[in-house]
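Engineer: What follows is run_38.txt, compact mmCIF, C-alpha atoms.
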```
# COMPACT_ATOMS: atom_id res chain seq x y z
CA MET A 13 -147.65 -60.24 41.13
CA PHE A 14 -149.22 -63.68 41.63
CA ASN A 15 -146.52 -65.39 39.52
CA LYS A 16 -143.82 -63.58 41.45
CA LEU A 17 -145.35 -64.77 44.74
CA ILE A 18 -145.45 -68.35 43.49
CA ALA A 19 -141.77 -68.12 42.49
CA ILE A 20 -140.87 -66.84 45.95
CA LEU A 21 -142.80 -69.66 47.59
CA CYS A 22 -141.09 -72.21 45.35
CA LEU A 23 -137.72 -70.89 46.49
CA CYS A 24 -138.66 -72.06 49.98
CA LEU A 25 -139.36 -75.63 48.85
CA PRO A 26 -136.75 -78.37 49.31
CA VAL A 27 -134.83 -78.53 46.05
CA GLU A 28 -135.42 -82.28 45.80
CA ALA A 29 -139.16 -81.55 45.60
CA LEU A 30 -138.54 -79.29 42.61
CA ALA A 31 -136.56 -82.02 40.85
CA GLN A 32 -139.20 -84.72 41.21
CA SER A 33 -141.59 -84.30 38.31
CA LYS A 34 -144.15 -86.97 37.48
CA THR A 35 -141.73 -89.05 35.47
CA THR A 36 -142.11 -92.72 34.58
CA ASP A 37 -139.74 -94.84 32.54
CA PHE A 38 -139.94 -98.39 31.21
CA MET A 39 -138.49 -100.62 28.49
CA LEU A 40 -140.29 -102.17 25.54
CA GLY A 41 -139.59 -105.78 24.70
CA ASN A 42 -137.38 -104.78 21.75
CA GLY A 43 -135.04 -102.71 23.95
CA MET A 44 -136.47 -99.23 23.38
CA GLN A 45 -136.45 -97.09 26.53
CA VAL A 46 -139.52 -94.92 27.12
CA VAL A 47 -139.72 -91.88 29.42
CA VAL A 48 -143.07 -90.24 30.22
CA ILE A 49 -143.19 -86.79 31.83
CA GLU A 50 -146.68 -85.78 32.94
CA ASP A 51 -147.78 -82.15 32.72
CA HIS A 52 -151.54 -81.70 32.50
CA ARG A 53 -151.68 -77.90 32.48
CA ALA A 54 -152.35 -77.73 28.73
CA PRO A 55 -153.69 -80.30 26.21
CA VAL A 56 -150.33 -80.47 24.42
CA VAL A 57 -147.72 -83.20 24.04
CA VAL A 58 -144.08 -83.24 22.99
CA HIS A 59 -143.05 -86.48 21.26
CA MET A 60 -139.32 -87.11 20.87
CA VAL A 61 -137.26 -89.99 19.54
CA TRP A 62 -133.56 -89.84 20.40
CA TYR A 63 -131.05 -92.15 18.73
CA LYS A 64 -127.86 -92.99 20.60
CA VAL A 65 -125.69 -92.08 17.66
CA GLY A 66 -124.11 -88.78 16.68
CA SER A 67 -121.30 -87.37 14.64
CA ALA A 68 -118.68 -88.81 17.03
CA ASP A 69 -119.86 -92.29 16.01
CA GLU A 70 -119.22 -91.83 12.29
CA PRO A 71 -116.78 -94.09 10.44
CA PRO A 72 -113.45 -92.50 9.42
CA GLY A 73 -113.69 -90.52 6.21
CA LYS A 74 -117.46 -90.11 6.43
CA SER A 75 -117.72 -86.98 8.56
CA GLY A 76 -121.14 -85.36 8.38
CA ILE A 77 -123.02 -88.59 7.66
CA ALA A 78 -125.04 -88.44 10.92
CA HIS A 79 -126.30 -84.94 10.14
CA PHE A 80 -126.78 -85.81 6.46
CA LEU A 81 -128.98 -88.76 7.42
CA GLU A 82 -131.01 -86.49 9.71
CA HIS A 83 -131.94 -84.49 6.59
CA LEU A 84 -132.71 -87.62 4.62
CA MET A 85 -135.09 -88.91 7.29
CA PHE A 86 -137.78 -86.57 5.93
CA LYS A 87 -137.82 -88.36 2.58
CA LYS A 88 -140.08 -91.20 1.43
CA THR A 89 -140.71 -94.19 3.67
CA ALA A 90 -142.69 -97.39 3.30
CA ASN A 91 -145.92 -95.53 4.13
CA LEU A 92 -145.14 -91.81 3.77
CA GLU A 93 -144.29 -89.67 0.78
CA ALA A 94 -141.33 -87.30 0.98
CA GLY A 95 -142.28 -84.33 3.13
CA GLU A 96 -145.56 -85.90 4.26
CA LEU A 97 -144.57 -86.07 7.92
CA ALA A 98 -143.80 -82.34 8.04
CA ASP A 99 -146.96 -81.48 6.13
CA THR A 100 -149.08 -83.64 8.45
CA VAL A 101 -147.67 -82.03 11.59
CA ALA A 102 -148.34 -78.57 10.15
CA ALA A 103 -151.86 -79.53 9.09
CA HIS A 104 -152.61 -80.51 12.69
CA GLY A 105 -151.33 -77.20 14.02
CA GLY A 106 -148.10 -78.61 15.42
CA SER A 107 -144.40 -77.98 15.04
CA HIS A 108 -141.46 -80.30 14.46
CA ASN A 109 -137.72 -80.35 14.01
CA ALA A 110 -134.63 -82.52 14.19
CA PHE A 111 -131.09 -82.06 15.48
CA THR A 112 -127.71 -83.76 15.45
CA SER A 113 -125.06 -83.58 18.16
CA PHE A 114 -121.76 -85.33 18.77
CA ASP A 115 -123.58 -87.92 20.89
CA TYR A 116 -127.15 -88.18 19.57
CA THR A 117 -129.62 -87.50 16.79
CA GLY A 118 -133.15 -86.46 17.72
CA TYR A 119 -136.54 -85.91 16.11
CA PHE A 120 -139.52 -84.25 17.76
CA GLN A 121 -143.06 -83.00 17.26
CA ARG A 122 -145.16 -80.74 19.47
CA VAL A 123 -148.88 -81.26 18.86
CA ALA A 124 -152.26 -81.48 20.54
CA ALA A 125 -152.29 -84.39 22.96
CA ASP A 126 -154.93 -86.30 20.99
CA ARG A 127 -152.56 -86.45 17.99
CA LEU A 128 -149.90 -88.46 19.82
CA ASP A 129 -150.86 -91.74 18.17
CA LEU A 130 -150.43 -90.21 14.72
CA MET A 131 -146.96 -88.92 15.62
CA MET A 132 -145.90 -92.33 16.89
CA GLN A 133 -147.26 -94.02 13.78
CA MET A 134 -145.21 -91.77 11.47
CA GLU A 135 -142.04 -91.78 13.56
CA ALA A 136 -142.07 -95.56 13.93
CA ASP A 137 -142.53 -95.88 10.18
CA ARG A 138 -139.38 -93.96 9.37
CA MET A 139 -137.36 -95.74 12.05
CA THR A 140 -136.76 -98.66 9.69
CA GLY A 141 -138.81 -97.89 6.56
CA LEU A 142 -136.74 -95.15 4.90
CA GLN A 143 -136.65 -95.45 1.08
CA LEU A 144 -134.06 -93.21 -0.54
CA SER A 145 -133.46 -92.46 -4.21
CA PRO A 146 -130.31 -91.19 -5.97
CA ASP A 147 -132.02 -87.82 -6.42
CA ASP A 148 -132.63 -87.60 -2.67
CA ILE A 149 -128.91 -88.03 -2.06
CA THR A 150 -127.91 -85.38 -4.57
CA VAL A 151 -130.46 -82.81 -3.42
CA GLU A 152 -129.86 -83.16 0.31
CA ARG A 153 -126.10 -83.37 -0.04
CA ASN A 154 -126.21 -80.03 -1.80
CA VAL A 155 -128.43 -78.66 0.98
CA VAL A 156 -125.97 -79.77 3.66
CA ILE A 157 -123.02 -78.40 1.71
CA GLU A 158 -124.81 -75.06 1.41
CA GLU A 159 -125.57 -75.18 5.13
CA ARG A 160 -121.85 -75.54 5.84
CA ASN A 161 -121.09 -72.71 3.43
CA GLN A 162 -123.53 -70.37 5.16
CA ARG A 163 -122.88 -71.29 8.80
CA THR A 164 -119.18 -72.11 8.74
CA GLU A 165 -117.29 -71.18 5.59
CA SER A 166 -118.79 -67.67 5.53
CA ALA A 167 -118.35 -67.11 9.29
CA PRO A 168 -114.77 -66.57 10.50
CA GLY A 169 -115.81 -67.15 14.10
CA ALA A 170 -117.22 -70.56 13.22
CA LEU A 171 -114.05 -71.52 11.33
CA PHE A 172 -111.95 -70.36 14.28
CA ASN A 173 -113.98 -72.41 16.77
CA GLU A 174 -113.78 -75.41 14.45
CA HIS A 175 -109.98 -75.20 14.49
CA LEU A 176 -109.90 -74.80 18.28
CA GLN A 177 -112.03 -77.93 18.69
CA ALA A 178 -109.84 -79.89 16.29
CA ALA A 179 -106.70 -78.80 18.17
CA LEU A 180 -108.16 -79.65 21.59
CA PHE A 181 -109.06 -83.26 20.75
CA LEU A 182 -105.92 -84.99 19.57
CA ASN A 183 -107.56 -88.35 18.90
CA HIS A 184 -111.21 -88.30 19.96
CA PRO A 185 -113.82 -87.71 17.19
CA TYR A 186 -115.14 -84.65 19.08
CA GLY A 187 -112.43 -82.88 17.10
CA VAL A 188 -114.39 -83.46 13.86
CA PRO A 189 -117.18 -80.92 13.18
CA ILE A 190 -120.76 -82.20 13.41
CA VAL A 191 -121.61 -80.86 9.95
CA GLY A 192 -118.51 -82.62 8.56
CA TRP A 193 -115.39 -81.50 6.74
CA MET A 194 -116.23 -80.12 3.32
CA HIS A 195 -114.01 -82.49 1.34
CA GLU A 196 -115.72 -85.49 2.95
CA LEU A 197 -119.24 -84.05 2.74
CA GLU A 198 -118.88 -83.78 -1.01
CA THR A 199 -118.30 -87.54 -1.36
CA LEU A 200 -121.16 -88.89 0.80
CA ASN A 201 -123.38 -91.23 -1.20
CA TYR A 202 -126.38 -93.56 -1.06
CA ASP A 203 -124.44 -96.50 0.34
CA ASP A 204 -122.94 -94.35 3.09
CA ALA A 205 -126.37 -93.13 4.17
CA MET A 206 -128.13 -96.51 4.09
CA THR A 207 -125.26 -98.31 5.82
CA PHE A 208 -125.29 -95.79 8.65
CA TYR A 209 -129.08 -95.91 8.85
CA LYS A 210 -129.29 -99.70 9.00
CA GLN A 211 -126.58 -99.93 11.61
CA HIS A 212 -127.86 -97.32 14.05
CA TYR A 213 -131.58 -96.64 13.56
CA ALA A 214 -133.42 -99.26 15.56
CA PRO A 215 -135.62 -99.40 18.68
CA ASN A 216 -132.82 -100.93 20.76
CA ASN A 217 -130.69 -97.87 19.99
CA ALA A 218 -133.41 -95.29 20.67
CA ILE A 219 -135.11 -93.50 23.53
CA LEU A 220 -138.70 -92.30 23.33
CA VAL A 221 -139.50 -89.25 25.46
CA VAL A 222 -143.13 -88.11 25.71
CA ALA A 223 -143.95 -85.05 27.80
CA GLY A 224 -147.20 -83.22 28.38
CA ASP A 225 -150.87 -84.03 28.86
CA VAL A 226 -150.50 -87.81 28.88
CA THR A 227 -150.43 -90.71 31.31
CA PRO A 228 -147.89 -93.52 31.45
CA GLN A 229 -150.62 -96.03 30.72
CA GLU A 230 -151.72 -94.45 27.46
CA VAL A 231 -148.16 -93.83 26.31
CA LYS A 232 -147.22 -97.43 27.02
CA ALA A 233 -150.19 -98.73 25.07
CA LEU A 234 -149.38 -96.56 22.05
CA ALA A 235 -145.65 -97.26 22.27
CA GLU A 236 -146.30 -100.99 22.29
CA GLN A 237 -148.65 -100.62 19.32
CA TYR A 238 -146.30 -98.62 17.09
CA TYR A 239 -142.73 -99.05 18.34
CA GLY A 240 -143.05 -102.37 20.12
CA VAL A 241 -143.67 -104.23 16.86
CA VAL A 242 -140.40 -103.00 15.32
CA PRO A 243 -137.80 -105.77 15.73
CA ALA A 244 -134.57 -105.10 17.59
CA ASN A 245 -131.53 -104.80 15.34
CA ARG A 246 -128.66 -107.15 16.15
CA ALA A 247 -126.28 -104.95 14.18
CA VAL A 248 -126.47 -102.31 16.92
CA ALA A 249 -123.24 -102.53 18.91
CA PRO A 250 -121.91 -100.69 21.95
CA ARG A 251 -120.17 -97.44 21.10
CA ALA A 252 -116.44 -97.88 20.53
CA ARG A 253 -114.78 -94.50 20.15
CA ARG A 254 -111.14 -93.50 20.03
CA GLN A 255 -110.19 -91.87 23.33
CA GLU A 256 -107.81 -89.08 24.21
CA PRO A 257 -104.18 -89.83 25.08
CA PRO A 258 -102.52 -87.84 27.89
CA HIS A 259 -102.07 -84.21 26.86
CA ARG A 260 -98.45 -83.22 27.31
CA ALA A 261 -98.16 -79.97 25.35
CA ALA A 262 -100.13 -76.75 25.13
CA ARG A 263 -101.32 -75.87 21.64
CA ARG A 264 -101.98 -72.54 19.91
CA VAL A 265 -104.23 -71.56 17.01
CA MET A 266 -103.36 -68.28 15.29
CA PHE A 267 -106.29 -67.63 12.98
CA ARG A 268 -106.31 -64.78 10.47
CA ASP A 269 -109.17 -63.77 8.21
CA GLU A 270 -109.66 -60.54 6.32
CA ARG A 271 -113.34 -60.56 7.32
CA VAL A 272 -112.54 -60.26 11.04
CA ALA A 273 -113.49 -56.82 12.35
CA GLN A 274 -113.04 -57.59 16.05
CA PRO A 275 -110.13 -59.75 17.24
CA PHE A 276 -110.50 -61.82 20.39
CA PHE A 277 -108.71 -64.27 22.64
CA ALA A 278 -109.98 -67.75 23.55
CA ARG A 279 -108.62 -70.60 25.58
CA THR A 280 -110.14 -74.05 25.88
CA TYR A 281 -109.25 -76.75 28.40
CA LEU A 282 -110.05 -80.44 28.30
CA ALA A 283 -112.54 -80.96 31.15
CA PRO A 284 -114.33 -83.86 32.88
CA GLU A 285 -117.83 -84.75 31.76
CA ARG A 286 -120.90 -85.45 33.90
CA ASN A 287 -120.97 -89.17 34.73
CA SER A 288 -123.74 -91.40 36.00
CA GLY A 289 -123.65 -91.67 39.77
CA ASP A 290 -120.78 -89.18 39.98
CA GLN A 291 -122.04 -85.72 39.01
CA ARG A 292 -120.41 -83.51 41.65
CA THR A 293 -117.32 -82.69 39.59
CA ALA A 294 -119.46 -81.49 36.68
CA ALA A 295 -121.66 -79.48 39.06
CA ALA A 296 -118.59 -77.77 40.52
CA LEU A 297 -117.41 -76.89 36.99
CA VAL A 298 -120.82 -75.33 36.28
CA TYR A 299 -120.24 -73.02 39.25
CA LEU A 300 -116.68 -72.28 38.12
CA ALA A 301 -117.87 -71.17 34.69
CA GLU A 302 -120.55 -68.95 36.22
CA LEU A 303 -118.13 -67.44 38.74
CA LEU A 304 -115.46 -66.65 36.17
CA GLY A 305 -117.54 -65.40 33.29
CA GLY A 306 -121.16 -66.50 33.24
CA THR A 307 -122.55 -63.47 35.05
CA GLY A 308 -121.08 -60.96 32.62
CA ALA A 309 -119.36 -57.83 33.91
CA THR A 310 -119.99 -58.79 37.56
CA SER A 311 -118.06 -62.06 37.15
CA VAL A 312 -114.40 -62.50 38.11
CA LEU A 313 -113.15 -61.88 34.56
CA GLY A 314 -115.70 -59.15 33.93
CA GLN A 315 -114.88 -57.29 37.13
CA ALA A 316 -111.13 -57.43 36.53
CA LEU A 317 -110.97 -56.82 32.78
CA GLN A 318 -114.12 -54.83 31.95
CA TYR A 319 -114.68 -52.73 35.07
CA ASP A 320 -111.38 -52.37 36.91
CA THR A 321 -108.84 -52.08 34.08
CA ARG A 322 -111.07 -51.46 31.02
CA GLN A 323 -108.92 -53.82 28.95
CA ALA A 324 -111.85 -55.84 27.61
CA ILE A 325 -115.30 -55.10 26.25
CA TYR A 326 -116.57 -58.67 26.72
CA THR A 327 -115.58 -61.74 28.75
CA SER A 328 -117.12 -65.15 29.26
CA ALA A 329 -116.50 -68.65 30.59
CA GLN A 330 -118.41 -71.67 29.31
CA TYR A 331 -118.72 -75.31 30.31
CA SER A 332 -121.16 -77.92 29.01
CA PRO A 333 -121.49 -80.72 31.58
CA THR A 334 -123.55 -83.22 29.60
CA SER A 335 -121.25 -85.12 27.28
CA LEU A 336 -120.67 -88.82 26.75
CA ASP A 337 -116.89 -88.43 26.80
CA HIS A 338 -114.57 -85.56 27.71
CA SER A 339 -116.05 -82.08 27.73
CA SER A 340 -114.35 -78.69 27.48
CA PHE A 341 -114.10 -75.49 29.50
CA SER A 342 -113.58 -72.22 27.61
CA LEU A 343 -112.53 -68.66 28.42
CA VAL A 344 -113.09 -65.77 26.00
CA ALA A 345 -112.01 -62.14 26.17
CA VAL A 346 -112.60 -59.45 23.55
CA PRO A 347 -110.03 -56.64 23.97
CA ALA A 348 -110.93 -52.99 24.09
CA PRO A 349 -109.74 -50.85 21.15
CA GLU A 350 -105.96 -50.54 20.96
CA VAL A 351 -105.42 -53.37 23.47
CA PRO A 352 -103.16 -56.05 21.89
CA LEU A 353 -104.16 -59.70 22.07
CA GLN A 354 -101.00 -60.56 24.01
CA GLN A 355 -101.97 -58.03 26.66
CA ILE A 356 -105.47 -59.44 27.01
CA GLU A 357 -104.09 -62.99 27.21
CA ASP A 358 -101.69 -61.94 29.96
CA ALA A 359 -104.53 -60.19 31.78
CA VAL A 360 -106.72 -63.31 31.65
CA ASP A 361 -103.83 -65.43 32.97
CA ALA A 362 -103.20 -62.97 35.80
CA THR A 363 -106.89 -62.90 36.73
CA ILE A 364 -107.11 -66.69 36.87
CA ALA A 365 -103.92 -66.87 38.94
CA ASN A 366 -105.34 -64.29 41.36
CA PHE A 367 -108.58 -66.29 41.62
CA LEU A 368 -106.67 -69.48 42.42
CA THR A 369 -104.73 -67.64 45.11
CA HIS A 370 -107.52 -65.71 46.83
CA GLY A 371 -110.46 -68.05 46.30
CA ILE A 372 -114.18 -67.45 45.95
CA ASP A 373 -116.22 -64.45 47.02
CA ILE A 374 -118.81 -66.24 49.17
CA GLU A 375 -121.49 -63.61 48.57
CA ARG A 376 -121.10 -64.07 44.80
CA PHE A 377 -121.19 -67.85 45.23
CA GLU A 378 -124.45 -67.76 47.21
CA ARG A 379 -126.01 -65.42 44.68
CA ILE A 380 -125.19 -67.84 41.87
CA LYS A 381 -126.61 -70.74 43.89
CA SER A 382 -129.89 -68.82 44.23
CA GLN A 383 -129.90 -68.10 40.50
CA PHE A 384 -129.46 -71.80 39.73
CA ARG A 385 -132.34 -72.61 42.05
CA ALA A 386 -134.58 -70.04 40.38
CA SER A 387 -133.68 -71.36 36.93
CA GLU A 388 -134.83 -74.83 38.01
CA ILE A 389 -138.17 -73.38 39.09
CA TYR A 390 -138.75 -71.59 35.80
CA ALA A 391 -137.56 -74.64 33.82
CA MET A 392 -140.55 -76.55 35.19
CA ASP A 393 -142.78 -74.40 32.96
CA ASN A 394 -141.02 -75.54 29.78
CA VAL A 395 -142.21 -79.04 28.98
CA SER A 396 -140.10 -79.21 25.81
CA GLY A 397 -137.02 -78.18 27.75
CA ILE A 398 -137.60 -80.86 30.37
CA ALA A 399 -138.08 -83.49 27.66
CA ARG A 400 -134.82 -82.38 26.05
CA ARG A 401 -133.07 -82.58 29.40
CA TYR A 402 -133.97 -86.25 29.74
CA GLY A 403 -133.24 -87.15 26.13
CA ALA A 404 -129.83 -85.47 26.07
CA ALA A 405 -128.85 -87.07 29.36
CA LEU A 406 -130.02 -90.61 28.63
CA THR A 407 -128.34 -90.75 25.22
CA ARG A 408 -125.08 -89.78 26.96
CA GLY A 409 -125.05 -92.56 29.52
CA LEU A 410 -126.93 -90.90 32.38
CA THR A 411 -130.08 -92.29 34.00
CA VAL A 412 -133.48 -90.92 34.97
CA ALA A 413 -132.27 -90.95 38.59
CA ASP A 414 -129.21 -88.89 37.58
CA VAL A 415 -131.39 -86.27 35.90
CA GLN A 416 -133.64 -86.01 38.94
CA ALA A 417 -130.69 -85.83 41.34
CA TRP A 418 -128.88 -83.08 39.41
CA PRO A 419 -130.67 -80.00 40.91
CA GLN A 420 -130.01 -81.18 44.45
CA ILE A 421 -126.37 -81.95 43.64
CA VAL A 422 -125.93 -78.48 42.17
CA GLN A 423 -127.38 -76.93 45.32
CA SER A 424 -125.05 -78.94 47.56
CA VAL A 425 -121.77 -77.97 45.86
CA THR A 426 -119.35 -76.16 48.15
CA PRO A 427 -116.81 -73.41 47.39
CA GLN A 428 -114.06 -75.82 48.40
CA GLU A 429 -115.14 -78.29 45.71
CA VAL A 430 -115.10 -75.53 43.10
CA MET A 431 -111.59 -74.46 44.05
CA GLU A 432 -110.35 -78.06 44.02
CA ILE A 433 -111.60 -78.65 40.49
CA ALA A 434 -110.23 -75.27 39.38
CA GLU A 435 -106.75 -76.32 40.54
CA GLN A 436 -107.04 -79.46 38.42
CA LEU A 437 -108.64 -77.83 35.39
CA PHE A 438 -106.18 -75.05 34.62
CA ASP A 439 -103.42 -77.28 33.33
CA GLU A 440 -101.59 -75.58 30.48
CA LYS A 441 -100.73 -78.95 28.91
CA ALA A 442 -104.44 -79.70 28.45
CA SER A 443 -105.25 -76.40 26.77
CA VAL A 444 -105.52 -74.73 23.40
CA THR A 445 -105.04 -70.96 23.15
CA GLY A 446 -106.52 -69.17 20.15
CA TRP A 447 -106.14 -65.71 18.70
CA MET A 448 -108.82 -64.64 16.24
CA MET A 449 -107.26 -61.89 14.13
CA GLY A 450 -107.89 -59.64 11.21
CA PRO A 451 -105.18 -59.07 8.60
CA ARG A 452 -103.47 -56.27 10.55
CA GLU A 453 -103.25 -57.56 14.14
CA GLU A 454 -99.73 -58.05 15.49
CA THR A 455 -98.84 -61.48 16.86
CA GLU A 456 -96.23 -60.17 19.29
```
Can you turn what I pasted into structure tokens?

Structural biologist:
Amino acid sequence: MFNKLIAILCLCLPVEALAQSKTTDFMLGNGMQVVVIEDHRAPVVVHMVWYKVGSADEPPGKSGIAHFLEHLMFKKTANLEAGELADTVAAHGGSHNAFTSFDYTGYFQRVAADRLDLMMQMEADRMTGLQLSPDDITVERNVVIEERNQRTESAPGALFNEHLQAALFLNHPYGVPIVGWMHELETLNYDDAMTFYKQHYAPNNAILVVAGDVTPQEVKALAEQYYGVVPANRAVAPRARRQEPPHRAARRVMFRDERVAQPFFARTYLAPERNSGDQRTAAALVYLAELLGGTGATSVLGQALQYDTRQAIYTSAQYSPTSLDHSSFSLVAVPAPEVPLQQIEDAVDATIANFLTHGIDIERFERIKSQFRASEIYAMDNVSGIARRYGAALTRGLTVADVQAWPQIVQSVTPQEVMEIAEQLFDEKASVTGWMMGPREETE
């Protein structure tokens, strides 16, 4: 009851007050940005190092190298044996992991606050001290290949989505899967890994995010001690990615697989990303996704296709605002038994056309706005989530000020702005339509 009361009281606070956490940021002399997020409710700290390099920054023909190197980063360094970092974190009662995206690669540990210096010492060591052997390459390459086999090759839905992504991005490397194409994964070698490592892993291409029971003063002292002594790397260059040409033709992906038990329809549109100093368009797209499909059966698609006509058993709309370059906006509908895919596609098109004609249900819009506000309140209790929010944003060209302004911008979006971006978004020429089918589904 007490927690519920606190949540209700928080709903009455100005949203800008909710967005302003105790956050400090500064630069080390070698170009490494540091963000400190204070949260003294528990003696725990989250330590994250984010590199401004992801799979979209890979050289041609070397797809998967960013993710492959993420695996290799747990091998021997100048001062650590292979696996020693993971074992040390576990021995101190902490947890750790790593992740690769199109736009970044990150490493984190969650430990007791008094172990922060040890985490920095180990992470700084592997920033430039990685020592790989031929056996490391062979073992981890096989691990990554098996990961692709399990998560992609054996999952028709993953293969389907991979093809949709490749069809959507005609030229941009977002069309290449993060894990890599199998035929290129199989050829990655020692030189590929070390070349990528030496070019991109450096303090002047990294962001340190520390969140939890710490102060900016102690973090700065430790960061100077461990990271500040690592020289900047002159080989680090500004990102230079291929960009998308104008899209002038709709594309279709007709995917068949004998393992598919439930066919479904999907359409993906090229969409604007969230940009520094100009986040309103992305915020409006967040509302559009929630209005159309994010609230399940009570959404526009859910109401029309699941409740009113019973043509679908599932609908959704998805948009990810935080992306360095173009993002995407997706619609999905799973037809009810005996409903052909062409019928469900036509029904989705008709529902979107009706939405564009009649506009937004204001009551639904205000309910979603309240839900977004509540989610911001509850997010304040997740120190790891807040740290991730900053790391993901800063590696994609946003600033600390952008991150802090985002909740207020979301709350200030109007229905008119949502409708304006919807009119721009649903351009058939900038879309890919996909049918996921079993061996017996008809295509007409």

Engineer: Select, from A:His108, A:Gln255, A:Ala316, A:Asp269, the residue with the minimum atom-to-atom distance to Ala362 (chain A), counting all atoms listed in the file.

Structural biologist: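 Nearest to Ala362 (chain A): A:Ala316.
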
Engineer: Hey, which of A:Leu336, A:Leu282, A:Val188, A:Leu40 ends up closest to Asp439 (chain A)? Count only C-alpha atoms.

Structural biologist: A:Leu282

Engineer: Calculated over only C-alpha atoms, which of the candidates A:Met449, A:Ala136, A:Ala103, A:Leu84 has the smallest distance to Val156 (chain A)?

Structural biologist: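 Of all the options, A:Leu84 lies closest to Val156 (chain A).
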
Engineer: Would you mind telling me which residue in A:Arg286, A:Ile433, A:Glu388, A:Ala244 lies nearest to Tyr299 (chain A) when using all atoms listed in the file?

Structural biologist: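 That would be A:Ile433, the residue with the smallest distance to Tyr299 (chain A).
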
Engineer: Pick out the closest residue to Val226 (chain A) from this set: A:Gly314, A:Gly240, A:Pro55, A:Gly141. Count only C-alpha atoms.

Structural biologist: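 Going through A:Gly314, A:Gly240, A:Pro55, A:Gly141 one by one, the smallest distance to Val226 (chain A) is for A:Pro55.
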
Engineer: What gap, in Å, lies between CA of Asp99 (chain A) and CA of Phe120 (chain A)?

Structural biologist: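 Here the two named atoms are 14.1 Å from each other.
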